[in-house]
file final.cif (mmCIF, C-alpha atoms)
data_input
#
loop_
_atom_site.label_atom_id
_atom_site.label_comp_id
_atom_site.auth_asym_id
_atom_site.auth_seq_id
_atom_site.Cartn_x
_atom_site.Cartn_y
_atom_site.Cartn_z
CA MET Z 197 -18.03 -6.26 8.13
CA TYR Z 198 -18.28 -3.67 5.38
CA ARG Z 199 -21.71 -2.61 6.65
CA LYS Z 200 -20.28 -2.21 10.13
CA LEU Z 201 -17.53 -0.01 8.75
CA LEU Z 202 -20.12 2.20 7.05
CA ILE Z 203 -22.10 2.49 10.29
CA ALA Z 204 -18.94 3.39 12.21
CA GLY Z 205 -18.05 5.98 9.58
CA ALA Z 206 -21.54 7.49 9.69
CA PHE Z 207 -21.40 7.70 13.48
CA ALA Z 208 -17.99 9.38 13.36
CA SER Z 209 -19.33 11.82 10.74
CA LEU Z 210 -22.07 12.92 13.12
CA LEU Z 211 -19.44 13.68 15.75
CA VAL Z 212 -17.51 16.01 13.44
CA LEU Z 213 -20.41 18.05 12.04
CA PRO Z 214 -19.78 20.99 14.44
CA GLU Z 215 -16.20 21.19 13.18
CA LEU Z 216 -17.08 21.44 9.49
CA ALA Z 217 -18.10 25.07 9.68
CA ALA Z 218 -14.76 26.06 11.22
CA ALA Z 219 -12.64 24.05 8.79
CA GLY Z 220 -10.75 25.63 5.90
CA LEU Z 221 -11.21 24.14 2.43
CA THR Z 222 -8.29 23.76 0.01
CA LEU Z 223 -8.71 22.77 -3.65
CA ARG Z 224 -5.76 21.59 -5.73
CA GLN Z 225 -5.41 20.25 -9.25
CA THR Z 226 -2.20 18.97 -10.82
CA VAL Z 227 -1.45 17.44 -14.20
CA MET Z 228 1.21 14.77 -14.68
CA SER Z 229 2.66 13.57 -17.98
CA GLU Z 230 5.19 10.72 -18.20
CA LEU Z 231 6.95 9.18 -21.19
CA ARG Z 232 8.59 5.81 -20.59
CA TYR Z 233 10.18 2.91 -22.40
CA ASP Z 234 8.80 -0.41 -21.11
CA THR Z 235 10.72 -3.55 -22.07
CA ASN Z 236 7.72 -5.78 -21.26
CA ALA Z 237 4.56 -3.76 -21.81
CA MET Z 238 2.38 -6.86 -22.27
CA ILE Z 239 3.77 -8.48 -19.08
CA THR Z 240 4.64 -11.71 -20.87
CA PRO Z 241 6.74 -14.52 -19.32
CA ASP Z 242 10.40 -14.98 -20.22
CA GLY Z 243 10.93 -16.58 -23.60
CA GLU Z 244 7.76 -15.29 -25.24
CA GLN Z 245 7.52 -12.59 -27.91
CA ASP Z 246 9.17 -9.21 -27.51
CA SER Z 247 6.60 -6.81 -26.03
CA SER Z 248 8.64 -3.65 -25.57
CA ASP Z 249 6.81 -0.38 -26.15
CA ILE Z 250 6.91 3.37 -25.60
CA VAL Z 251 4.14 4.47 -23.25
CA LEU Z 252 2.70 7.94 -22.68
CA GLN Z 253 0.87 8.45 -19.39
CA LEU Z 254 -1.39 11.45 -18.91
CA GLY Z 255 -3.43 12.19 -15.83
CA PRO Z 256 -4.85 15.00 -13.71
CA ASP Z 257 -4.92 14.79 -9.91
CA PHE Z 258 -7.84 16.32 -8.02
CA GLU Z 259 -7.37 16.92 -4.29
CA VAL Z 260 -9.71 18.43 -1.71
CA THR Z 261 -8.70 18.96 1.93
CA ARG Z 262 -10.49 20.56 4.85
CA ASP Z 263 -8.65 21.38 8.07
CA SER Z 264 -9.56 22.59 11.53
CA GLU Z 265 -8.12 22.17 15.00
CA LYS Z 266 -9.85 18.82 15.50
CA LEU Z 267 -10.73 17.66 12.01
CA THR Z 268 -8.90 16.81 8.81
CA LEU Z 269 -10.76 15.65 5.70
CA MET Z 270 -9.04 14.64 2.48
CA ALA Z 271 -10.25 13.29 -0.87
CA VAL Z 272 -8.03 12.49 -3.86
CA TYR Z 273 -8.90 11.21 -7.33
CA ARG Z 274 -6.26 10.27 -9.93
CA PRO Z 275 -7.36 9.00 -13.36
CA SER Z 276 -4.48 8.03 -15.65
CA PHE Z 277 -4.64 7.36 -19.39
CA TYR Z 278 -1.93 5.13 -20.92
CA TYR Z 279 -1.20 5.38 -24.65
CA TYR Z 280 0.95 2.63 -26.23
CA PHE Z 281 2.68 3.79 -29.42
CA ARG Z 282 3.34 0.30 -30.88
CA ARG Z 283 0.28 -1.53 -29.49
CA PRO Z 284 -2.68 0.86 -29.29
CA GLU Z 285 -4.92 -2.09 -28.40
CA LEU Z 286 -3.31 -1.93 -24.93
CA ASN Z 287 -4.47 1.64 -24.31
CA THR Z 288 -6.22 1.83 -20.97
CA LEU Z 289 -7.53 4.13 -18.26
CA SER Z 290 -6.72 3.44 -14.61
CA HIS Z 291 -8.34 4.99 -11.55
CA SER Z 292 -7.11 5.69 -8.04
CA ALA Z 293 -9.30 7.34 -5.41
CA SER Z 294 -9.10 7.77 -1.66
CA ALA Z 295 -11.00 9.57 1.08
CA SER Z 296 -10.09 9.91 4.75
CA MET Z 297 -11.25 11.65 7.90
CA ASP Z 298 -9.18 12.21 11.05
CA TYR Z 299 -11.04 13.54 14.07
CA LYS Z 300 -9.66 14.41 17.49
CA TYR Z 301 -12.67 13.79 19.73
CA SER Z 302 -10.83 14.75 22.91
CA VAL Z 303 -7.34 15.11 24.30
CA SER Z 304 -7.15 11.34 24.75
CA THR Z 305 -9.38 9.94 21.95
CA SER Z 306 -9.16 10.17 18.14
CA PHE Z 307 -10.82 8.44 15.19
CA ARG Z 308 -9.84 7.72 11.59
CA VAL Z 309 -12.03 6.52 8.70
CA GLU Z 310 -10.56 5.88 5.25
CA ASP Z 311 -11.39 4.20 1.97
CA THR Z 312 -9.04 3.52 -0.95
CA LEU Z 313 -9.98 2.24 -4.41
CA ASN Z 314 -7.63 1.24 -7.24
CA TYR Z 315 -8.46 -0.02 -10.72
CA ALA Z 316 -5.58 -0.85 -13.06
CA LYS Z 317 -4.23 -3.42 -15.50
CA GLU Z 318 -1.14 -4.19 -13.40
CA SER Z 319 -1.05 -5.94 -10.02
CA LEU Z 320 1.99 -3.93 -8.88
CA GLU Z 321 -0.19 -0.81 -9.01
CA THR Z 322 -3.08 -2.30 -7.04
CA THR Z 323 -1.44 -4.65 -4.52
CA ILE Z 324 1.63 -4.43 -2.30
CA ILE Z 325 2.93 -7.98 -1.85
CA GLY Z 326 5.30 -8.04 -4.85
CA ILE Z 327 3.57 -10.42 -7.28
CA GLN Z 328 3.25 -9.37 -10.94
CA ASN Z 329 0.25 -11.09 -12.53
CA ARG Z 330 -0.34 -11.21 -16.26
CA ARG Z 331 -1.92 -8.11 -17.76
CA GLN Z 332 -5.58 -7.90 -16.71
CA ALA Z 333 -7.99 -5.49 -15.05
CA ILE Z 334 -7.77 -5.61 -11.25
CA LEU Z 335 -10.07 -3.85 -8.79
CA MET Z 336 -9.09 -3.43 -5.14
CA ASN Z 337 -11.00 -1.57 -2.45
CA THR Z 338 -9.97 -1.19 1.20
CA ALA Z 339 -12.06 0.42 3.95
CA ILE Z 340 -10.64 1.01 7.45
CA PHE Z 341 -12.04 2.37 10.70
CA SER Z 342 -9.63 2.89 13.59
CA MET Z 343 -9.50 4.67 16.90
CA SER Z 344 -6.89 5.34 19.57
CA HIS Z 345 -7.42 6.17 23.21
CA ARG Z 346 -4.96 7.31 25.87
CA LEU Z 347 -5.67 5.28 29.03
CA THR Z 348 -3.02 6.95 31.20
CA PRO Z 349 -0.25 9.46 30.49
CA ARG Z 350 1.99 6.51 29.56
CA MET Z 351 -0.44 3.86 28.29
CA GLY Z 352 -2.52 3.91 25.12
CA SER Z 353 -4.86 1.54 23.28
CA GLY Z 354 -5.99 1.08 19.70
CA LEU Z 355 -8.82 -0.63 17.83
CA SER Z 356 -9.27 -1.15 14.09
CA PHE Z 357 -11.59 -2.85 11.60
CA SER Z 358 -10.89 -3.30 7.90
CA ASP Z 359 -12.48 -4.75 4.77
CA ASN Z 360 -10.45 -5.53 1.64
CA ILE Z 361 -11.79 -6.74 -1.71
CA VAL Z 362 -9.67 -7.85 -4.70
CA GLU Z 363 -11.35 -8.81 -7.99
CA PHE Z 364 -9.66 -9.92 -11.23
CA GLU Z 365 -10.85 -9.71 -14.82
CA ASP Z 366 -9.26 -13.08 -15.66
CA PRO Z 367 -11.87 -15.83 -14.99
CA ILE Z 368 -9.18 -18.27 -13.84
CA ALA Z 369 -7.85 -15.87 -11.17
CA VAL Z 370 -8.96 -16.20 -7.56
CA ASP Z 371 -10.90 -13.24 -6.15
CA SER Z 372 -10.83 -12.61 -2.41
CA ARG Z 373 -12.44 -10.60 0.38
CA ASN Z 374 -10.78 -10.13 3.76
CA ASP Z 375 -12.36 -8.76 6.94
CA ALA Z 376 -10.03 -8.08 9.86
CA ALA Z 377 -10.06 -6.63 13.35
CA SER Z 378 -7.28 -5.88 15.81
CA ILE Z 379 -6.78 -4.47 19.30
CA SER Z 380 -3.49 -3.12 20.65
CA LEU Z 381 -1.88 -1.69 23.79
CA ASN Z 382 1.28 0.40 24.09
CA TYR Z 383 3.25 1.62 27.09
CA GLN Z 384 5.87 4.38 27.19
CA VAL Z 385 8.74 3.01 29.25
CA VAL Z 386 10.90 6.13 28.93
CA PRO Z 387 10.31 9.31 26.84
CA ASP Z 388 11.93 7.83 23.71
CA THR Z 389 10.97 4.15 24.03
CA GLN Z 390 7.68 2.29 24.09
CA ILE Z 391 6.62 -1.35 24.12
CA PHE Z 392 3.47 -2.63 22.43
CA THR Z 393 1.37 -5.74 21.91
CA SER Z 394 -1.59 -6.60 19.70
CA TYR Z 395 -4.13 -9.29 18.84
CA SER Z 396 -5.54 -9.68 15.31
CA PHE Z 397 -8.32 -11.75 13.75
CA SER Z 398 -9.10 -12.04 10.05
CA ARG Z 399 -11.53 -13.95 7.84
CA THR Z 400 -10.91 -14.38 4.10
CA GLU Z 401 -13.44 -15.60 1.56
CA PHE Z 402 -12.30 -16.78 -1.90
CA ASP Z 403 -14.07 -16.96 -5.23
CA SER Z 404 -12.25 -19.60 -7.28
CA PRO Z 405 -12.92 -20.41 -10.97
CA GLY Z 406 -15.79 -22.72 -11.89
CA ASP Z 407 -18.23 -24.17 -9.39
CA THR Z 408 -15.64 -24.66 -6.66
CA ILE Z 409 -16.94 -23.73 -3.19
CA ASP Z 410 -14.05 -22.41 -1.11
CA PRO Z 411 -14.35 -22.63 2.67
CA PRO Z 412 -13.54 -19.33 4.42
CA MET Z 413 -10.09 -19.07 5.97
CA GLU Z 414 -9.65 -17.58 9.45
CA THR Z 415 -6.43 -16.52 11.11
CA GLN Z 416 -5.57 -15.30 14.60
CA SER Z 417 -2.25 -13.84 15.71
CA VAL Z 418 -0.58 -12.10 18.62
CA GLN Z 419 2.39 -9.80 18.35
CA ALA Z 420 4.67 -7.83 20.67
CA GLY Z 421 7.58 -5.46 20.21
CA PHE Z 422 9.19 -2.15 20.98
CA SER Z 423 10.24 1.06 19.25
CA THR Z 424 12.82 3.62 20.27
CA HIS Z 425 14.17 7.01 19.14
CA TYR Z 426 17.78 8.00 19.62
CA LYS Z 427 19.02 11.58 19.94
CA ASN Z 428 20.92 11.42 16.64
CA ASN Z 429 17.67 11.02 14.62
CA LEU Z 430 17.88 7.23 14.63
CA HIS Z 431 14.66 5.23 14.94
CA PHE Z 432 14.46 1.47 15.51
CA THR Z 433 11.42 -0.83 15.70
CA LEU Z 434 11.34 -4.58 16.33
CA SER Z 435 8.35 -6.91 16.76
CA GLY Z 436 7.45 -10.56 16.42
CA GLY Z 437 4.55 -12.92 16.98
CA VAL Z 438 2.81 -16.19 16.25
CA GLY Z 439 -0.40 -17.01 14.46
CA HIS Z 440 -2.76 -19.84 13.57
CA GLY Z 441 -4.73 -20.45 10.36
CA SER Z 442 -7.91 -22.53 10.25
CA ALA Z 443 -7.07 -24.02 6.84
CA ASN Z 444 -5.20 -27.29 7.44
CA ASP Z 445 -4.58 -26.24 11.05
CA GLN Z 446 -1.55 -24.12 10.13
CA ASN Z 447 0.78 -22.24 12.49
CA PHE Z 448 3.01 -19.37 11.36
CA VAL Z 449 5.47 -16.81 12.68
CA THR Z 450 5.28 -13.06 12.01
CA ALA Z 451 8.06 -10.51 12.37
CA SER Z 452 8.79 -6.89 11.54
CA THR Z 453 11.77 -4.59 12.01
CA GLU Z 454 12.80 -1.19 10.68
CA LEU Z 455 15.84 1.02 11.12
CA SER Z 456 15.76 4.60 9.83
CA LYS Z 457 17.97 7.65 10.20
CA ASP Z 458 17.81 11.30 9.17
CA PHE Z 459 21.03 13.00 8.10
CA GLU Z 460 21.66 16.65 7.33
CA ASN Z 461 20.76 16.36 3.62
CA SER Z 462 19.40 12.83 3.35
CA SER Z 463 17.49 10.02 5.01
CA ALA Z 464 17.85 6.24 4.84
CA SER Z 465 15.83 3.24 5.98
CA ILE Z 466 15.95 -0.54 5.90
CA SER Z 467 13.16 -2.90 6.90
CA TYR Z 468 12.00 -6.52 7.01
CA ASN Z 469 8.42 -7.73 7.25
CA ARG Z 470 6.97 -11.25 7.52
CA GLN Z 471 3.19 -11.58 7.46
CA ALA Z 472 0.42 -14.03 6.62
CA THR Z 473 -1.49 -13.02 3.50
CA THR Z 474 -3.02 -14.38 0.29
CA ALA Z 475 -1.04 -14.79 -2.93
CA THR Z 476 -2.78 -12.26 -5.15
CA GLY Z 477 -5.09 -14.09 -7.57
CA LEU Z 478 -3.00 -17.26 -7.72
CA THR Z 479 -4.52 -19.54 -5.07
CA ASN Z 480 -7.07 -19.84 -2.29
CA GLN Z 481 -4.45 -20.87 0.25
CA LEU Z 482 -2.80 -19.01 3.11
CA ALA Z 483 0.65 -17.72 2.19
CA LEU Z 484 3.56 -16.06 3.92
CA ASN Z 485 4.94 -12.83 2.51
CA GLU Z 486 8.52 -11.85 3.39
CA THR Z 487 9.73 -8.46 2.18
CA TYR Z 488 13.16 -6.84 2.55
CA TYR Z 489 13.25 -3.14 1.69
CA ALA Z 490 15.84 -0.36 1.65
CA ALA Z 491 15.60 3.28 0.55
CA TRP Z 492 17.83 6.36 0.46
CA ASN Z 493 16.68 9.91 -0.22
CA TYR Z 494 19.21 12.68 -0.84
CA ALA Z 495 18.69 16.42 -1.37
CA LEU Z 496 21.45 17.55 -3.71
CA THR Z 497 20.26 21.16 -3.54
CA ARG Z 498 17.20 22.94 -2.22
CA ASN Z 499 15.27 22.07 -5.40
CA ILE Z 500 16.94 18.87 -6.63
CA SER Z 501 16.56 15.47 -4.95
CA ALA Z 502 17.42 11.84 -5.70
CA ASN Z 503 15.89 8.57 -4.52
CA LEU Z 504 17.29 5.05 -4.55
CA PHE Z 505 15.26 2.00 -3.45
CA GLY Z 506 15.37 -1.77 -3.58
CA SER Z 507 13.17 -4.62 -2.37
CA TYR Z 508 13.14 -8.40 -2.39
CA ALA Z 509 9.89 -10.28 -1.71
CA ARG Z 510 8.96 -13.94 -1.38
CA ASN Z 511 5.38 -15.26 -1.32
CA GLN Z 512 4.97 -18.94 -0.46
CA THR Z 513 1.93 -21.03 0.44
CA LEU Z 514 2.22 -22.80 3.78
CA ASN Z 515 0.74 -26.22 3.11
CA ASP Z 516 1.90 -27.01 -0.44
CA ASN Z 517 4.07 -25.85 -3.33
CA SER Z 518 1.29 -24.22 -5.34
CA VAL Z 519 2.83 -20.75 -4.96
CA ASP Z 520 6.48 -19.83 -4.39
CA VAL Z 521 7.09 -16.49 -6.10
CA ARG Z 522 10.25 -14.44 -5.56
CA SER Z 523 10.67 -10.92 -6.89
CA LEU Z 524 13.41 -8.30 -7.02
CA TYR Z 525 12.46 -4.66 -7.55
CA TYR Z 526 14.83 -1.68 -7.51
CA GLY Z 527 15.14 1.76 -9.04
CA LEU Z 528 16.73 5.19 -9.11
CA SER Z 529 14.93 8.47 -9.71
CA GLY Z 530 15.50 12.21 -9.46
CA GLU Z 531 13.31 15.30 -9.22
CA TRP Z 532 13.89 18.96 -10.00
CA GLN Z 533 11.40 21.35 -8.39
CA LEU Z 534 11.91 24.31 -10.73
CA TYR Z 535 9.00 26.31 -9.29
CA SER Z 536 6.43 25.63 -6.58
CA TRP Z 537 3.99 24.69 -9.37
CA LEU Z 538 6.38 22.93 -11.79
CA SER Z 539 8.66 19.91 -11.37
CA PHE Z 540 10.55 17.51 -13.66
CA GLY Z 541 11.58 13.93 -12.97
CA ALA Z 542 13.50 11.04 -14.52
CA GLY Z 543 14.48 7.54 -13.47
CA TYR Z 544 14.90 3.83 -14.05
CA ASN Z 545 13.14 0.81 -12.48
CA HIS Z 546 13.88 -2.91 -12.81
CA PHE Z 547 11.57 -5.78 -11.82
CA LYS Z 548 12.39 -9.48 -11.99
CA GLN Z 549 10.17 -12.35 -10.84
CA ASN Z 550 10.87 -16.07 -10.52
CA SER Z 551 8.27 -18.72 -9.76
CA GLU Z 552 9.41 -21.92 -8.08
CA GLY Z 553 5.86 -23.18 -7.48
CA LEU Z 554 3.07 -24.59 -9.63
CA THR Z 555 1.58 -21.18 -10.51
CA GLY Z 556 3.05 -17.81 -11.36
CA ASP Z 557 5.36 -16.68 -14.17
CA ASP Z 558 9.06 -15.98 -14.64
CA LEU Z 559 9.34 -12.48 -16.08
CA LYS Z 560 11.32 -9.27 -16.02
CA ARG Z 561 10.67 -5.62 -16.89
CA ASP Z 562 12.71 -2.43 -17.20
CA HIS Z 563 11.30 1.10 -17.17
CA PHE Z 564 13.15 4.22 -18.31
CA PHE Z 565 11.06 7.33 -17.79
CA VAL Z 566 10.89 11.13 -17.75
CA ASN Z 567 7.96 13.13 -16.42
CA VAL Z 568 6.65 16.60 -15.69
CA ARG Z 569 4.12 17.68 -13.04
CA ILE Z 570 2.26 21.01 -13.12
CA THR Z 571 -0.02 22.42 -10.43
CA THR Z 572 -2.69 24.10 -12.54
CA TYR Z 573 -4.99 25.26 -9.74
CA GLU Z 574 -4.70 25.72 -5.98
CA LYS Z 575 -6.96 27.82 -3.78
CA ARG Z 576 -7.86 27.96 -0.11
CA LEU Z 577 -11.45 28.97 0.65
#
call {"tool": "encode", "arguments": {"input": "final.cif", "output": "structure tokens"}}
result
Amino acid sequence: MYRKLLIAGAFASLLVLPELAAAGLTLRQTVMSELRYDTNAMITPDGEQDSSDIVLQLGPDFEVTRDSEKLTLMAVYRPSFYYYFRRPELNTLSHSASASMDYKYSVSTSFRVEDTLNYAKESLETTIIGIQNRRQAILMNTAIFSMSHRLTPRMGSGLSFSDNIVEFEDPIAVDSRNDAASISLNYQVVPDTQIFTSYSFSRTEFDSPGDTIDPPMETQSVQAGFSTHYKNNLHFTLSGGVGHGSANDQNFVTASTELSKDFENSSASISYNRQATTATGLTNQLALNETYYAAWNYALTRNISANLFGSYARNQTLNDNSVDVRSLYYGLSGEWQLYSWLSFGAGYNHFKQNSEGLTGDDLKRDHFFVNVRITTYEKRL
């Protein structure tokens, strides 16, 4: 699958070569420094030794973009160094890099190729399903090729392929590789409302500790829904579906809904998502992830903004009680954009995790932080 993605990306690159000469190149470099108090820097379970620490994060961001009428290229690299004042043995360097290409081949057809890589010591930085593993190096890479095509003025179609790899430093953790493909159709019923349906197939391979040979797990699912925009800047999406997993002949239900609204000086959103996934590093079984999320952004002035968010996630294996992890994550932050090249921020985050299954840890963390971001270089060529 990964080789196919590379071939698709190379083919798409050939299509965009004529556009490169007409595109404008923008270079940008920013430097971010954050000082925070972490009540659980070692990510230890409840009841173990106190592992609070003061952490200094330093990191430059390098960004390159190239734009034209039909083509957008973007590449970003963010290394971050973490210095622990009380436990210098925890000092580490994380990496985040991404590259993407959007190409409008014609009025009705467009392509997108992207690749994202993350390397960090915390699972909340590398994965998105809400499980906090013990402190260890984690590498995740995701490559995606997608295209959309307008069949008629009201009907469109989509096709995507993806490859995702997650590897853990801990020898007892379960590594995984997932290849997936999906096809979708959408139809515009009225100008502000459309209905859609999709079919997805995925294959996941696991690498468990020891000499265990894990059979690959395959899933298939179908989904349908609708989305609508109201005149008062209100957007609503609702979808649902069913799926089947090859492991132990499992059936599951998927669902997703989101409600968002823009106000004069703020915006708010709430969402719910239920999907089949793998419980990051904990098991080689199919799991269901349910996530509730809410966020509110408010612009106090032209240069000062505040953000409030909260989420609750549950990850549970379908055929046994090996994993049943529930997590609560919420926070408040603010930003002051003093100049176009200088901003200050401050905030507080809280994370709490409970494990009701055979694996996973009960733990909690609090972060209090202040930061500054400076754009040191920006030029359009």
call {"tool": "residues_around", "arguments": {"input": "final.cif", "residues": "Arg399 in chain Z", "least_positions_apart": "4", "cutoff": "8 Å", "atoms": "all atoms listed in the file", "output": "number ranges by chain"}}
result
Z: 374-376, 412-415
call {"tool": "resolve_selection", "arguments": {"input": "final.cif", "expression": "the PyMOL selection byres ((chain Z and resi 383) around 9)", "output": "PyMOL selection string"}}
result
chain Z and resi 350-353+381-382+384-385+389-392
call {"tool": "resolve_selection", "arguments": {"input": "final.cif", "expression": "the PyMOL selection byres ((chain Z and resi 466) around 8)", "output": "number ranges by chain"}}
result
Z: 454-456, 464-465, 467-468, 488-491
call {"tool": "write_last_selection", "arguments": {"input": "final.cif", "atoms": "C-alpha atoms", "output": "PDB file, in the frame of the given file"}}
result
ATOM      1  CA  GLU Z 454      12.800  -1.190  10.680  1.00  0.00           C
ATOM      2  CA  LEU Z 455      15.840   1.020  11.120  1.00  0.00           C
ATOM      3  CA  SER Z 456      15.760   4.600   9.830  1.00  0.00           C
ATOM      4  CA  ALA Z 464      17.850   6.240   4.840  1.00  0.00           C
ATOM      5  CA  SER Z 465      15.830   3.240   5.980  1.00  0.00           C
ATOM      6  CA  SER Z 467      13.160  -2.900   6.900  1.00  0.00           C
ATOM      7  CA  TYR Z 468      12.000  -6.520   7.010  1.00  0.00           C
ATOM      8  CA  TYR Z 488      13.160  -6.840   2.550  1.00  0.00           C
ATOM      9  CA  TYR Z 489      13.250  -3.140   1.690  1.00  0.00           C
ATOM     10  CA  ALA Z 490      15.840  -0.360   1.650  1.00  0.00           C
ATOM     11  CA  ALA Z 491      15.600   3.280   0.550  1.00  0.00           C
TER      12      ALA Z 491
END
call {"tool": "resolve_selection", "arguments": {"input": "final.cif", "expression": "the PyMOL selection byres ((chain Z and resi 275) around 7)", "output": "PyMOL selection string"}}
result
chain Z and resi 255-256+273-274+276-277+289-292
call {"tool": "residues_around", "arguments": {"input": "final.cif", "residues": "range 278-287 of chain Z", "least_positions_apart": "4", "cutoff": "7 Å", "atoms": "all atoms listed in the file", "output": "list of chain:residue names"}}
result
Z:Asp249, Z:Ile250, Z:Val251, Z:Leu252, Z:Gln253, Z:Leu254
call {"tool": "closest_residue", "arguments": {"input": "final.cif", "among": "Z:Tyr526, Z:Arg224, Z:Thr487, Z:Glu460", "to": "Phe505 in chain Z", "atoms": "all atoms listed in the file"}}
result
Z:Tyr526
call {"tool": "residues_near_point", "arguments": {"input": "final.cif", "point": "(-12.9, -19.0, -10.7)", "cutoff": "7 Å", "atoms": "all atoms listed in the file", "output": "ChimeraX atom specification"}}
result
/Z:367-370,403-406
call {"tool": "closest_residue", "arguments": {"input": "final.cif", "among": "Z:Arg346, Z:Gly243, Z:Arg522, Z:Asp458", "to": "Tyr494 in chain Z", "atoms": "all atoms listed in the file"}}
result
Z:Asp458
call {"tool": "atom_distance", "arguments": {"input": "final.cif", "atom1": "CA of His345 in chain Z", "atom2": "CA of Arg308 in chain Z"}}
result
12.0 Å
call {"tool": "build_atoms", "arguments": {"input": "final.cif", "residues": "range 364-379 of chain Z", "atoms": "N, CA and C atoms", "output": "compact mmCIF listing (two decimals), in the frame of the given file"}}
result
# COMPACT_ATOMS: atom_id res chain seq x y z
N PHE Z 364 -10.45 -9.83 -10.01
CA PHE Z 364 -9.66 -9.92 -11.23
C PHE Z 364 -10.56 -10.12 -12.44
N GLU Z 365 -10.12 -9.54 -13.56
CA GLU Z 365 -10.85 -9.71 -14.82
C GLU Z 365 -10.71 -11.13 -15.34
N ASP Z 366 -9.54 -11.73 -15.17
CA ASP Z 366 -9.26 -13.08 -15.66
C ASP Z 366 -10.16 -14.08 -14.93
N PRO Z 367 -10.96 -14.88 -15.65
CA PRO Z 367 -11.87 -15.83 -14.99
C PRO Z 367 -11.16 -16.95 -14.25
N ILE Z 368 -9.88 -17.20 -14.54
CA ILE Z 368 -9.18 -18.27 -13.84
C ILE Z 368 -8.45 -17.76 -12.60
N ALA Z 369 -8.47 -16.44 -12.36
CA ALA Z 369 -7.85 -15.87 -11.17
C ALA Z 369 -8.79 -16.03 -9.98
N VAL Z 370 -8.21 -16.01 -8.79
CA VAL Z 370 -8.96 -16.20 -7.56
C VAL Z 370 -9.24 -14.85 -6.91
N ASP Z 371 -10.51 -14.47 -6.84
CA ASP Z 371 -10.90 -13.24 -6.15
C ASP Z 371 -10.93 -13.50 -4.64
N SER Z 372 -10.83 -12.43 -3.86
CA SER Z 372 -10.83 -12.61 -2.41
C SER Z 372 -11.44 -11.41 -1.71
N ARG Z 373 -11.94 -11.65 -0.50
CA ARG Z 373 -12.44 -10.60 0.38
C ARG Z 373 -11.98 -10.92 1.79
N ASN Z 374 -11.35 -9.94 2.42
CA ASN Z 374 -10.78 -10.13 3.76
C ASN Z 374 -11.37 -9.11 4.72
N ASP Z 375 -11.90 -9.60 5.84
CA ASP Z 375 -12.36 -8.76 6.94
C ASP Z 375 -11.44 -9.01 8.11
N ALA Z 376 -11.00 -7.94 8.77
CA ALA Z 376 -10.03 -8.08 9.86
C ALA Z 376 -10.34 -7.11 10.98
N ALA Z 377 -9.92 -7.49 12.18
CA ALA Z 377 -10.06 -6.63 13.35
C ALA Z 377 -8.83 -6.82 14.23
N SER Z 378 -8.43 -5.77 14.92
CA SER Z 378 -7.28 -5.88 15.81
C SER Z 378 -7.45 -4.93 16.99
N ILE Z 379 -6.80 -5.30 18.10
CA ILE Z 379 -6.78 -4.47 19.30
C ILE Z 379 -5.34 -4.41 19.78
